[in-house]
Amino acid sequence: MTDATTVRTYRDYGQPLWRRILLTRETGIIAALAAVFAVSAASVPNFASELTLQYLLLDTAAILLIALPMTMVIVTGEIDLSVASVVGLSSVLVGVLYQGGVPMALAALIAVAAGAVAGAFNGFLVTVVGLPSLAVTIGTLALYRGLAVGLLGTTAVTDFPDGWRDAATGTIPGTPIPWVIVVFGVLAVAFGLLLHFTPFGRGVFAIGLSDSAAAFSGIRVGRTKLILFVLTGTVSAFAGIYFTLRYGSARGDNATGLELAVIAAVLLGGVSIFGGRGALHGVIAGVLLIGTLSSALRLANVTSDVINIITGTLLIASVVSPSVTAWVRNRWARRGRSAAVSQP
Amino acid sequence: MSARTWNASQTMLSRLGSFARIREVGILAAFVLVVAVTTAKNPNFLFSPDGFRDLLLTPSILMLVAVGQAVVIITRNVDLSVGSVLGLSAYLTGRIFVDFPSLPWPLVFVIGIAFGACLGLVNGALVAFAKVPSLVITLGTLYAYRGINVWWTGSDRINASDMPDGFLALGTDSVANIPVLTLIALLVLGCAAWYMHTQRGGRELYAIGSDPDAARLYGLRVTRRVLVAFVVSGALAGLAGVLYAARYGTVNSQVGSGFELEAVGAAVIGGVAIFGGSGSVFGAAIGAYLLMTINRALPVLGVDDFWQRAVVGALILGAIVLDRIAAARQVKRFARMREASHD
Amino acid sequence: SSSDGESSDPSGSAGAAGAESGDYSITFLPKNLGNAYFDTSDAGGEEAIEEFGGTYAEVGPAEAAPDAQVSYINTLAQQGVGAVAVSANDPEAICDALNEARDAGTKVVTFDSDTNPECRDLFINQATADGIAKVQVDMIAEQIGDAGQIAILSASANATNQNAWIETMEQLLADEHPDIELVDVVYGDDDDQTSFDKTAALLQTYPDLKGIVSPTTVGIAAAARYISTSDAKGQVAVTGLGTPNQMREYVEDGTVTAFALWNPADLGYLAAYAAKALIDGDITGAEGDSFEAGKLGEYTVDADGTVLLGDPYVFDADNIGDFDF
Amino acid sequence: MTTPPTQGHSTPALKLKDVAKAFGSVVALKRADLTLAHGSIHALIGENGAGKSTLVKIIAGVYQRDAGTLEYDGEPVDFASTADSKAAGIAVIYQEPTLFPDLSVAENVFMGRQPLRSLGRIDTRAMREQVAAIFSELGVDIDPDRPTRGLSIADQQLIEIAKAISLDAKVLIMDEPTAALSGVEVERLFTVARSLRDQGCAIMFISHRFDEVFALCDTVTVMRDGEYIATSPIADTTVEAMVRQMVGRDVEALFPKVESEIGDVVLRVDGLHQTGEFTDVSFDVRAGEIVALAGLVGAGRSEIARAIFGVDPYEGGTVSVGGNTVRRKDPADAMRKGIALVPEDRRHQGVVLESSVARNVTMAIRRTLARGGLLWGGIENTAAREWAARLEVKTAALDAESGTLSGGNQQKVVLAKWLATHPRVLIIDEPTRGIDVGTKAEVHRLLSTLASQGLAVLMISSELPEVLGMADRILVVHEGRITAHLPRETATAENIMFAATHAAEEAA
Ligand SMILES: Nc1ncnc2c1ncn2[C@@H]1O[C@H](COP(=O)(O)OP(=O)(O)OP(=O)(O)O)[C@@H](O)[C@H]1O
Ligand SMILES: Nc1ncnc2c1ncn2[C@@H]1O[C@H](COP(=O)(O)OP(=O)(O)OP(=O)(O)O)[C@@H](O)[C@H]1O
Ligand SMILES: [Mg+2]
Ligand SMILES: [Mg+2]
């Protein structure tokens with residue numbers, strides 16, 4: 001207000017368009033994915049085939065699916081560690097019900113509903129009781145897995161109807177794209193719109209950056225989080241049915257440890273674990289990057305331990321690299337000055 | 001000063017506050033209850049020599065890791081790599097015995113702890129210097145350390161016969177009816193509790209977890225302290241690895257996998273706030289005892305093997321919900337006291 | 001015989017070779033890596049493959065999960081290896097992947113743990129379920145004087161083999177040993193620590209326990225180790241399936257009198273020769289087919305495409321010194 | 001506080017020359033000069049965003065300067081961290097309280113330098129006693145053993161002050177320490193500050209209240225847009241002169257109260273009750289009316305405001321807007337019925353600091369902006385541009401993070417957010433806390449204009465001139481109860497203060 005008579009004008013953006021697009025984490029991950037694909041196709045025997053793509057998509061479908069709602073949960077600053085247990089629980093439910101004579105469609109429906117209930121229970125404890133989600137879902141991780149193992153005991157249910165199994169593993173005729181990826185695509189568009197182009201999504205980001213400021217802006221923080229936990233449970237249960245049909249086996253220990261794979265991929269995709277930052281396309285690229293890398297490394301006869309080392313290192317490198325580049329840039333800019341900037 | 005006349009009630013408030021600080025008592029009571037009920041069902045659980053020994057012995061290793069974990073969580077961080085660190089150092093321990101049989105075994109302890117500390121240092125350096133959330137970093141090192149372990153170990157397995165008897169005896173021997181392993185764990189717990197409670201450095205860890213930005217503004221050496229917290233967690237996981245080798249006698253590439261969730265679970269059950277700043281290593285230790293003892297009590301109580309995980313999950317939830325209810329009660333009581341002071 | 005250099009060749013080139021000349025590129029896919037039992041069996045396979053001049057490789061997941069095994073089978077199919085020798089983590093879950101591999105021309109031999117018969121060409125059975133169950137029941141009955149309480153410490157609740165054996169053991173106990181009471185079956189998940197703790201829990205829960213049968217190598221070693229340092233040593237018998245190297249200490253200190261196993265190296269060796277025979281087209285897996293298996297001699301395919309390795313072998317203080325695996 | 005008086009020092013305690021600092025493209029300081037003398041209290045004033053706090057943080061070692069020199073006791077120095085400046089004897093009270101909520105009050109005061117016993121153990125009793133001593137000097141009555149979580153901003157600020165004083169520093173820097181304090185506490189602080197000065201301490205004092213500057217300080221330096229403007233002895237200057245230097249022009253009336261038509265009751269609060277917070281709160285606010293809630297800091301006014309808006313619960317009573325009852329604990333419903341709340345704690349409740357100006361401004365209207373349920377890029381920027389321009393928010397681009405704006409500009413962003421919802425009732429808690437005169441006058445003018453357009457305004461303020469200058473009616477809150485209704489005509493500073501302290505005096 002140096003001069004009351006000047007009418008201020010505002011630029012929409014402080015940075016030119018190319019910088020805003022090219023210098024993002026998401027672009028980096030997508031570029032890395034493209035690079036891994038190109039290098040693998042050129043140097044790994046048998047990689048450049050449709051079959052690779054088909055297997056890659058089938059293998060990563062469950063993670064891709066769960067990553068969608070998980071991204072939103074993490075953007076609100078929460079976390080859901082129970083997803084893999086919900087996968088196991090829904091797998092067992094489908095198995096037990098189908099074995100008990102319930103028609104497959106109904107069994108699947110009930111399992112998905114159970115997933116929604118499991119998610120709602122997480123959400124209830126987090127939003128209504130007010131407990132930290134990390135602690136809650138460590139508990140339900142054990143609880144849901146325990147229910148799954150308890151329900152089915154030593155047995156596994158196997159003979160699912162062929163039609164259903166084919167739907168889970170089949171591809172669009174003439175392409176290597178599995179049907180489940182079509183479902184994923186539809187969901188991805190829906191979740192992408194929800195997160196990035198709706199008032200609800202704006203609320204999700206605001207909550208992640210500041211719960212209280214969001215609440216003071218009339219955003220229903222509790223309800224938003226509850227909805228997201230229910231969505232996560234539902235989608236995880238759906239992924240559980242896919243998992244069961246893909247491998248034709250309903251077992252209590254299905255997908256053990258998948259939660260860490262999902263979270264690793266989401267974080268690799270540029271979502272901040274503190275909430276408030278991230279984009280869905282980055283996450284999808286993150287999942288595919290890990291999947292492609294392991295598929296290429298397997299084809300190159302690299303053993304699973306090395307694949308784990310690479311996955312872990314990649315995750316660390318991806319989150320550390322921005323700090324390192326910033327640090328290097330600062331050093332560069334301040335050469336000759338004794339003190340470095342300590343501003344976070 | 002008119003608005004400041006609630007002096008008397010404030011003293012009461014603070015007394016209530018210190019009651020909250022002994023929240024660990026509640027968990028301890030739960031532990032005693034579990035032991036009592038199980039012993040009532042089967043006296044051997046406590047009153048047979050083996051039963052008594054196992055009661056003390058089984059949770060000791062988890063307790064060490066949980067204490068380290070609590071130190072890290074108090075600084076508003078988390079160390080998910082503890083299971084992998086434990087596994088690596090357990091294998092290293094075995095490897096040393098195989099490759100350098102002449103090395104005196106007490107030296108192996110030092111090597112194991114130092115090795116764990118180094119792995120913790122890697123975590124801490126990445127978290128503190130690169131300013132990246134610890135959950136992400138240690139999730140990464142969880143994979144990476146485990147990968148290194150599998151890659152190094154391969155199908156190898158260290159057997160009891162590869163290790164000296166004196167060392168193995170540590171895993172099972174007792175002094176005055178208390179297992180050596182438990183004594184070591186209690187010693188570590190005592191040191192940690194003493195440091196966290198009475199030393200400036202310990203209080204600074206609480207301050208950092210309570211508000212990291214304020215700590216930085218205040219001039220606390222946040223980077224160094226966080227680094228130290230991770231080193232401690234790593235060192236304790238390393239020590240736990242050495243003790244694992246002594247107790248279980250066989251070490252393969254999968255030792256300690258999944259331990260991270262148990263360690264975090266124990267700390268949380270023990271009342272360590274997941275967002276830092278409050279809780280105690282003592283609570284985490286009791287949490288570890290409660291968790292492991294429940295695991296052992298369930299079969300005795302006749303709970304089918306398959307349902308045990310479910311029961312453990314329900315108990316974790318029960319613990320944190322109860323904790324929450326107690327806190328809410330206390331807030332209510334504060335409010336009622338303030339109301340009373342108004343009139 | 002082939003050189004060491006060739007056998008450690010990455011099988012990326014082996015895949016190409018297999019495609020050209022029907023060469024013996026055979027990959028072993030154990031339940032998981034880092035498991036001493038499979039280490040031994042796969043080494044037996046390697047030995048056989050070196051004998052007949054093929055290319056050996058071993059791949060596998062870090063943890064024993066069926067879905068991870070599927071990814072490896074897919075990869076092997078893409079690489080076009082001559083044959084896969086696999087120990088299944090789930091009889092059904094890896095079926096589709098195996099069949100796809102077979103459609104691509106890869107021969108599939110299962111060993112140690114079978115899949116459904118329609119998903120593989122041959123199953124190399126280490127021993128019949130009856131034989132394994134019987135040897136374990138006989139051992140425990142002898143060690144506890146044919147009367148008293150016993151418990152079983154198994155692998156994971158879903159382990160196909162173990163569950164089949166346990167069922168037969170229960171039957172045998174009921175029919176032939178009425179004075180032995182099986183009080184509990186617990187699961188150590190093939191994890192040292194869990195098995196160890198489960199043993200401790202068993203002893204507390206059943207103070208009158210006379211014996212523990214553990215039909216898994218991890219379980220028996222953990223149980224023996226716990227008992228060797230507890231008061232129960234000498235009171236509670238431990239037997240089951242174990243490897244000599246792991247059990248040597250406990251046999252020598254008297255915790256364990258006898259335990260059984262087949263020779264896993266022979267199992268892998270036989271699987272490799274069976275794979276060779278399939279690649280050569282000598283056999284198709286039909287009942288009555290027979291093939292030469294190097295030092296082990298000739299074997300014949302039984303019903304359901306199964307080849308039986310032989311009877312389990314009982315190790316005790318007298319003979320354990322002769323073995324090193 | 002044992003240092004002997006060192007008046008008459010010739011070297012200045014602290015001397016900054018041509019200091020510059022930029023954050024990316026935002027230039028916070030262009031060319032700042034400042035000289036602090038021993039045994040003197042130096043005021044630093046300037047508009048919001050002038051760079052005062054940035055200067056403080058450079059002295060404290062939070063930020064590193066890009067250019068210029070810093071001399072301490074005549075020696076050029078570089079503070080790489082706050083630990084360095086602290087070790088050198090500089091104590092700083094930052095604009096935003098920086099307490100550790102989980103730790104006790106005593107630990108907060110002594111963190112990192114607690115009194116020790118043998119074996120390096122912290123001597124808790126000595127620590128408690130020392131804190132109690134400082135508190136009694138300051139006239140503060142806070143239990144040293146309670147955790148600082150849940151303390152009011154005023155209490156937090158008092159602890160900050162105790163913390164700084166206990167350092168026995170040679171230089172004491174206070175960035176708006178009085179913003180949250182009431183008259184009595186301010187007086188206590190001043191007494192302590194003067195005695196520190198008399199012991200030779202160099203003190204820097206930042207405030208937007210001129211009366212305080214005149215009451216306390218010896219010298220005053222004015223800054224504008226990151227640049228040094230002038231330094232003068234306090235005796236040689238006037239408020240008008242300072243204001244002119246600060247804003248570069250004359251400022252019109254500070255309380256431009258516009259008489260407006262008072263309409264029907266819009267907001268009605270009836271028998272609101274929450275244990276421990278407030279009791280039997282009933283009042284109404286009419287269209288076109290500005291009602292002020294006055295009272296001492298900690299009286300519970302903010303709690304009432306939050307309960308009305310629905311972010312806090314209440315156990316009994318009703319709130320209605322235009323006859324429609326507002327649902328309990330449901331801010332979204334309150335918004336829909338036409339209530340807007342500009343909260344007290346800007347940084348935690350008002351703005352989402354890490355979100356852009358555009359997102360903040362459109363946060364409360366995002367549902368109405370959506371077309372077919374979707375928000376495409378342009379919609380929000382168009383709306384944000386309009387409101388930012390109306391309130392003259394000082395930012396380069398609409399996608400700048402709100403946290404990079406100065407306090408006053410953040411306040412404008414919050415105002416813009418709520419005015420964009422076209423509310424019927426505007427509740428505004430401490431509308432001008434930490435806001436410079438120019439902006440303050442603007443905010444006041446804005447409130448008056450809005451009221452004259454028929455908005456019902458409920459204003460909470462701890463500044464009596466603001467209350468007296470702006471309100472049509474004044475409700476005085478004491479310990480959670482309304483103890484007086486005063487119409488504009490009869491309200492005076494004296495009767496407000498009496499009502500605000502009334503019950504307590506009875507009790508005493
Ligand atoms: N960390 C930061 N990043 C970017 N810009 C900043 C940062 N801190 C301050 N600024 C900018 O620097 C300028 C000076 O801010 P500063 O906080 O020093 O003002 P001030 O004089 O203290 O204002 P107020 O009276 O409102 O407290 C402002 O334009 C502000 O937006
Ligand atoms: N006499 C008292 N006894 C006990 N608690 C009190 C007393 N007076 C106030 N409080 C409480 O102290 C807290 C301080 O509240 P707060 O500072 O937000 O009040 P306020 O009137 O809104 O002041 P501000 O001017 O800062 O907005 C409230 O929870 C209030 O209930
Ligand atoms: Mg400021
Ligand atoms: Mg207030």
# chains A, B, ... in the order shown; residues from 1 in each chain; ligands from 1
$ residues_near_ligand --ligand "ligand 1" --cutoff "9 Å" --atoms "only C-alpha atoms and all ligand atoms" --output "PyMOL selection string"
(chain A and resi 343-344) or (chain D and resi 21-29+45-57+63+95+175-176+206-208+223-226+394-395+401-410+434-436)
$ residues_around --residues "region 139-156 of chain B" --least-positions-apart "2" --cutoff "6 Å" --atoms "only C-alpha atoms" --output "PDB file with C-alpha atoms, in the first residue's frame"
ATOM      1  CA  ASP A 305      17.917 -59.333  -3.199  1.00  0.00           C
ATOM      2  CA  VAL A 306      19.616 -56.975  -5.612  1.00  0.00           C
ATOM      3  CA  ASN A 308      15.306 -55.003  -3.264  1.00  0.00           C
ATOM      4  CA  ILE A 309      18.516 -53.039  -2.837  1.00  0.00           C
ATOM      5  CA  GLY A 312      15.259 -49.108  -1.619  1.00  0.00           C
ATOM      6  CA  LEU A 315      13.264 -44.527  -3.080  1.00  0.00           C
ATOM      7  CA  ILE A 316      15.929 -42.824  -1.006  1.00  0.00           C
TER       8      ILE A 316
ATOM      9  CA  LEU B  80      11.476 -48.675  10.009  1.00  0.00           C
ATOM     10  CA  SER B  81      14.825 -50.250   9.194  1.00  0.00           C
ATOM     11  CA  SER B  84      16.811 -55.197   8.652  1.00  0.00           C
ATOM     12  CA  LEU B  88      22.330 -57.837   9.164  1.00  0.00           C
ATOM     13  CA  LEU B 135       9.480 -42.697   7.266  1.00  0.00           C
ATOM     14  CA  VAL B 136      10.547 -42.542   3.637  1.00  0.00           C
ATOM     15  CA  ILE B 137      14.265 -42.879   4.294  1.00  0.00           C
ATOM     16  CA  SER B 253      18.928 -64.085   5.702  1.00  0.00           C
TER      17      SER B 253
ATOM     18  CA  GLY C  34      18.303 -68.250   1.574  1.00  0.00           C
ATOM     19  CA  ASN C  35      16.974 -71.650   2.615  1.00  0.00           C
ATOM     20  CA  ALA C  36      19.584 -74.274   3.392  1.00  0.00           C
ATOM     21  CA  ASP C  39      20.481 -74.781  -1.258  1.00  0.00           C
TER      22      ASP C  39
END
$ interface_residues --of "chain C" --to "chain B" --cutoff "7 Å" --atoms "only C-alpha atoms" --output "ChimeraX atom specification"
/C:33-36,39,186,193,201,204-205,229-231,246,249
$ write_last_selection --atoms "N, CA and C atoms" --output "PDB file, in the first residue's frame"
ATOM      1  N   LEU C  33      14.769 -67.986  -1.653  1.00  0.00           N
ATOM      2  CA  LEU C  33      16.221 -68.051  -1.547  1.00  0.00           C
ATOM      3  C   LEU C  33      16.614 -68.000  -0.082  1.00  0.00           C
ATOM      4  N   GLY C  34      17.824 -68.347   0.205  1.00  0.00           N
ATOM      5  CA  GLY C  34      18.303 -68.250   1.574  1.00  0.00           C
ATOM      6  C   GLY C  34      17.781 -69.368   2.447  1.00  0.00           C
ATOM      7  N   ASN C  35      17.502 -70.521   1.863  1.00  0.00           N
ATOM      8  CA  ASN C  35      16.974 -71.650   2.615  1.00  0.00           C
ATOM      9  C   ASN C  35      17.934 -72.823   2.408  1.00  0.00           C
ATOM     10  N   ALA C  36      18.513 -73.283   3.490  1.00  0.00           N
ATOM     11  CA  ALA C  36      19.584 -74.274   3.392  1.00  0.00           C
ATOM     12  C   ALA C  36      19.115 -75.550   2.704  1.00  0.00           C
ATOM     13  N   ASP C  39      19.095 -74.953  -0.864  1.00  0.00           N
ATOM     14  CA  ASP C  39      20.481 -74.781  -1.258  1.00  0.00           C
ATOM     15  C   ASP C  39      21.073 -76.152  -1.596  1.00  0.00           C
ATOM     16  N   VAL C 186       0.928 -76.864  16.201  1.00  0.00           N
ATOM     17  CA  VAL C 186       1.209 -75.425  16.145  1.00  0.00           C
ATOM     18  C   VAL C 186       2.099 -75.138  14.941  1.00  0.00           C
ATOM     19  N   GLN C 193      12.755 -68.081  14.861  1.00  0.00           N
ATOM     20  CA  GLN C 193      12.333 -67.465  16.103  1.00  0.00           C
ATOM     21  C   GLN C 193      10.939 -67.922  16.492  1.00  0.00           C
ATOM     22  N   ALA C 201       6.184 -72.335  24.221  1.00  0.00           N
ATOM     23  CA  ALA C 201       4.772 -72.272  24.598  1.00  0.00           C
ATOM     24  C   ALA C 201       4.190 -73.672  24.767  1.00  0.00           C
ATOM     25  N   GLN C 204       5.056 -75.206  28.081  1.00  0.00           N
ATOM     26  CA  GLN C 204       4.328 -74.630  29.196  1.00  0.00           C
ATOM     27  C   GLN C 204       2.878 -75.075  29.229  1.00  0.00           C
ATOM     28  N   THR C 205       2.295 -75.095  28.048  1.00  0.00           N
ATOM     29  CA  THR C 205       0.872 -75.430  27.973  1.00  0.00           C
ATOM     30  C   THR C 205       0.639 -76.881  28.373  1.00  0.00           C
ATOM     31  N   THR C 229      18.540 -76.572  25.973  1.00  0.00           N
ATOM     32  CA  THR C 229      18.957 -75.688  27.063  1.00  0.00           C
ATOM     33  C   THR C 229      17.911 -75.579  28.163  1.00  0.00           C
ATOM     34  N   SER C 230      16.832 -76.341  28.042  1.00  0.00           N
ATOM     35  CA  SER C 230      15.790 -76.206  29.059  1.00  0.00           C
ATOM     36  C   SER C 230      15.761 -77.439  29.954  1.00  0.00           C
ATOM     37  N   ASP C 231      14.939 -77.359  30.985  1.00  0.00           N
ATOM     38  CA  ASP C 231      14.812 -78.483  31.908  1.00  0.00           C
ATOM     39  C   ASP C 231      14.206 -79.709  31.240  1.00  0.00           C
ATOM     40  N   GLN C 246      22.394 -79.471  10.670  1.00  0.00           N
ATOM     41  CA  GLN C 246      21.680 -78.679  11.663  1.00  0.00           C
ATOM     42  C   GLN C 246      21.446 -79.458  12.946  1.00  0.00           C
ATOM     43  N   GLU C 249      24.590 -81.355  16.407  1.00  0.00           N
ATOM     44  CA  GLU C 249      24.863 -80.962  17.770  1.00  0.00           C
ATOM     45  C   GLU C 249      23.890 -81.605  18.767  1.00  0.00           C
TER      46      GLU C 249
END
$ select_by_dssp --residues "region 10-231 of chain B" --states "helix (DSSP H, G or I)" --output "MDAnalysis selection string"
chainID B and resid 10:21 24:41 44:47 49:57 60:74 82:99 105:130 134:153 160:162 165:172 180:198 200:210 212:218 222:231
$ interface_residues --of "chain D" --to "chain A" --cutoff "8 Å" --atoms "only C-alpha atoms" --output "number ranges by chain"
D: 62-64, 78, 80-81, 247-248, 311, 330-332, 335, 341, 343, 348-355, 363-364, 366-367, 370, 373-376, 381, 385, 389, 392, 394-400, 438-439
$ residues_around --residues "Thr27 (chain C)" --least-positions-apart "5" --cutoff "9 Å" --atoms "only C-alpha atoms" --output "PyMOL selection string"
chain C and resi 11+55-59+76+81-86
$ residues_near_ligand --ligand "ligand 4" --cutoff "10 Å" --atoms "only C-alpha atoms and all ligand atoms" --output "list in words"
Ser152, Ile153, Ala154, Ala180, Gly295, Leu296, Val297, Gly298, Ala299, Gly300, Arg301, Ser302, Glu303, Ile304, Ala305, Arg306, Pro343, Glu344, Asp345, Asp429, Glu430, Ile460, Ser461 and Ser462 of chain D
$ write_last_selection --atoms "N, CA and C atoms" --output "PDB file, in the first residue's frame"
ATOM      1  N   SER D 152      -2.821 -19.888  26.499  1.00  0.00           N
ATOM      2  CA  SER D 152      -3.253 -18.853  25.560  1.00  0.00           C
ATOM      3  C   SER D 152      -2.024 -18.201  24.935  1.00  0.00           C
ATOM      4  N   ILE D 153      -2.264 -17.520  23.832  1.00  0.00           N
ATOM      5  CA  ILE D 153      -1.150 -16.862  23.145  1.00  0.00           C
ATOM      6  C   ILE D 153      -0.463 -15.875  24.091  1.00  0.00           C
ATOM      7  N   ALA D 154      -1.268 -15.197  24.914  1.00  0.00           N
ATOM      8  CA  ALA D 154      -0.691 -14.225  25.842  1.00  0.00           C
ATOM      9  C   ALA D 154       0.271 -14.912  26.802  1.00  0.00           C
ATOM     10  N   ALA D 180       0.062  -9.676  21.818  1.00  0.00           N
ATOM     11  CA  ALA D 180      -0.998 -10.469  22.425  1.00  0.00           C
ATOM     12  C   ALA D 180      -1.287 -10.059  23.865  1.00  0.00           C
ATOM     13  N   GLY D 295     -12.523  -7.252  26.605  1.00  0.00           N
ATOM     14  CA  GLY D 295     -12.176  -8.011  27.808  1.00  0.00           C
ATOM     15  C   GLY D 295     -10.691  -8.244  27.866  1.00  0.00           C
ATOM     16  N   LEU D 296     -10.256  -8.807  28.961  1.00  0.00           N
ATOM     17  CA  LEU D 296      -8.840  -9.097  29.097  1.00  0.00           C
ATOM     18  C   LEU D 296      -8.479 -10.300  28.244  1.00  0.00           C
ATOM     19  N   VAL D 297      -7.209 -10.342  27.906  1.00  0.00           N
ATOM     20  CA  VAL D 297      -6.728 -11.515  27.195  1.00  0.00           C
ATOM     21  C   VAL D 297      -6.979 -12.738  28.065  1.00  0.00           C
ATOM     22  N   GLY D 298      -7.513 -13.812  27.470  1.00  0.00           N
ATOM     23  CA  GLY D 298      -7.779 -15.016  28.246  1.00  0.00           C
ATOM     24  C   GLY D 298      -9.172 -15.053  28.834  1.00  0.00           C
ATOM     25  N   ALA D 299      -9.991 -14.053  28.504  1.00  0.00           N
ATOM     26  CA  ALA D 299     -11.330 -14.027  29.071  1.00  0.00           C
ATOM     27  C   ALA D 299     -12.249 -15.060  28.420  1.00  0.00           C
ATOM     28  N   GLY D 300     -11.831 -15.586  27.269  1.00  0.00           N
ATOM     29  CA  GLY D 300     -12.633 -16.613  26.611  1.00  0.00           C
ATOM     30  C   GLY D 300     -13.424 -16.096  25.426  1.00  0.00           C
ATOM     31  N   ARG D 301     -13.044 -14.933  24.920  1.00  0.00           N
ATOM     32  CA  ARG D 301     -13.794 -14.385  23.789  1.00  0.00           C
ATOM     33  C   ARG D 301     -13.589 -15.214  22.524  1.00  0.00           C
ATOM     34  N   SER D 302     -12.337 -15.615  22.304  1.00  0.00           N
ATOM     35  CA  SER D 302     -12.077 -16.401  21.093  1.00  0.00           C
ATOM     36  C   SER D 302     -12.835 -17.711  21.138  1.00  0.00           C
ATOM     37  N   GLU D 303     -12.944 -18.293  22.315  1.00  0.00           N
ATOM     38  CA  GLU D 303     -13.658 -19.558  22.435  1.00  0.00           C
ATOM     39  C   GLU D 303     -15.122 -19.381  22.040  1.00  0.00           C
ATOM     40  N   ILE D 304     -15.702 -18.266  22.470  1.00  0.00           N
ATOM     41  CA  ILE D 304     -17.099 -17.995  22.105  1.00  0.00           C
ATOM     42  C   ILE D 304     -17.215 -17.886  20.592  1.00  0.00           C
ATOM     43  N   ALA D 305     -16.293 -17.142  19.989  1.00  0.00           N
ATOM     44  CA  ALA D 305     -16.339 -16.958  18.544  1.00  0.00           C
ATOM     45  C   ALA D 305     -16.217 -18.295  17.824  1.00  0.00           C
ATOM     46  N   ARG D 306     -15.294 -19.112  18.289  1.00  0.00           N
ATOM     47  CA  ARG D 306     -15.087 -20.403  17.624  1.00  0.00           C
ATOM     48  C   ARG D 306     -16.293 -21.306  17.791  1.00  0.00           C
ATOM     49  N   PRO D 343     -10.096 -15.852  12.074  1.00  0.00           N
ATOM     50  CA  PRO D 343      -9.646 -16.284  13.396  1.00  0.00           C
ATOM     51  C   PRO D 343      -8.460 -15.500  13.903  1.00  0.00           C
ATOM     52  N   GLU D 344      -8.189 -15.748  15.180  1.00  0.00           N
ATOM     53  CA  GLU D 344      -7.166 -15.030  15.906  1.00  0.00           C
ATOM     54  C   GLU D 344      -5.764 -15.441  15.470  1.00  0.00           C
ATOM     55  N   ASP D 345      -5.574 -16.766  15.336  1.00  0.00           N
ATOM     56  CA  ASP D 345      -4.246 -17.295  15.043  1.00  0.00           C
ATOM     57  C   ASP D 345      -4.106 -17.469  13.530  1.00  0.00           C
ATOM     58  N   ASP D 429     -11.698 -11.833  14.789  1.00  0.00           N
ATOM     59  CA  ASP D 429     -10.999 -11.947  16.066  1.00  0.00           C
ATOM     60  C   ASP D 429      -9.658 -11.234  15.944  1.00  0.00           C
ATOM     61  N   GLU D 430      -9.473 -10.204  16.722  1.00  0.00           N
ATOM     62  CA  GLU D 430      -8.253  -9.388  16.667  1.00  0.00           C
ATOM     63  C   GLU D 430      -7.936  -8.997  15.219  1.00  0.00           C
ATOM     64  N   ILE D 460     -13.739  -8.955  17.886  1.00  0.00           N
ATOM     65  CA  ILE D 460     -13.079  -9.192  19.160  1.00  0.00           C
ATOM     66  C   ILE D 460     -11.778  -8.429  19.124  1.00  0.00           C
ATOM     67  N   SER D 461     -11.561  -7.603  20.138  1.00  0.00           N
ATOM     68  CA  SER D 461     -10.324  -6.842  20.114  1.00  0.00           C
ATOM     69  C   SER D 461      -9.852  -6.576  21.529  1.00  0.00           C
ATOM     70  N   SER D 462      -8.528  -6.610  21.694  1.00  0.00           N
ATOM     71  CA  SER D 462      -7.950  -6.302  22.998  1.00  0.00           C
ATOM     72  C   SER D 462      -7.481  -4.863  23.046  1.00  0.00           C
TER      73      SER D 462
END
$ select_by_dssp --residues "region 49-108 of chain C" --states "strand (DSSP E)" --output "list of chain:residue names"
C:Thr55, C:Tyr56, C:Ala57, C:Glu58, C:Ala83, C:Val84, C:Ala85, C:Val86, C:Lys107, C:Val108
$ interface_residues --of "chain A" --to "chain B" --cutoff "8 Å" --atoms "only C-alpha atoms" --output "JSON, numbers by chain"
{"A": [129, 130, 131, 132, 134, 135, 136, 138, 139, 140, 141, 142, 143, 144, 145, 146, 147, 149, 150, 153, 260, 264, 267, 273, 274, 304, 305, 306, 307, 308, 309, 310, 311, 312, 313, 314, 315, 316, 319, 320, 323, 324]}
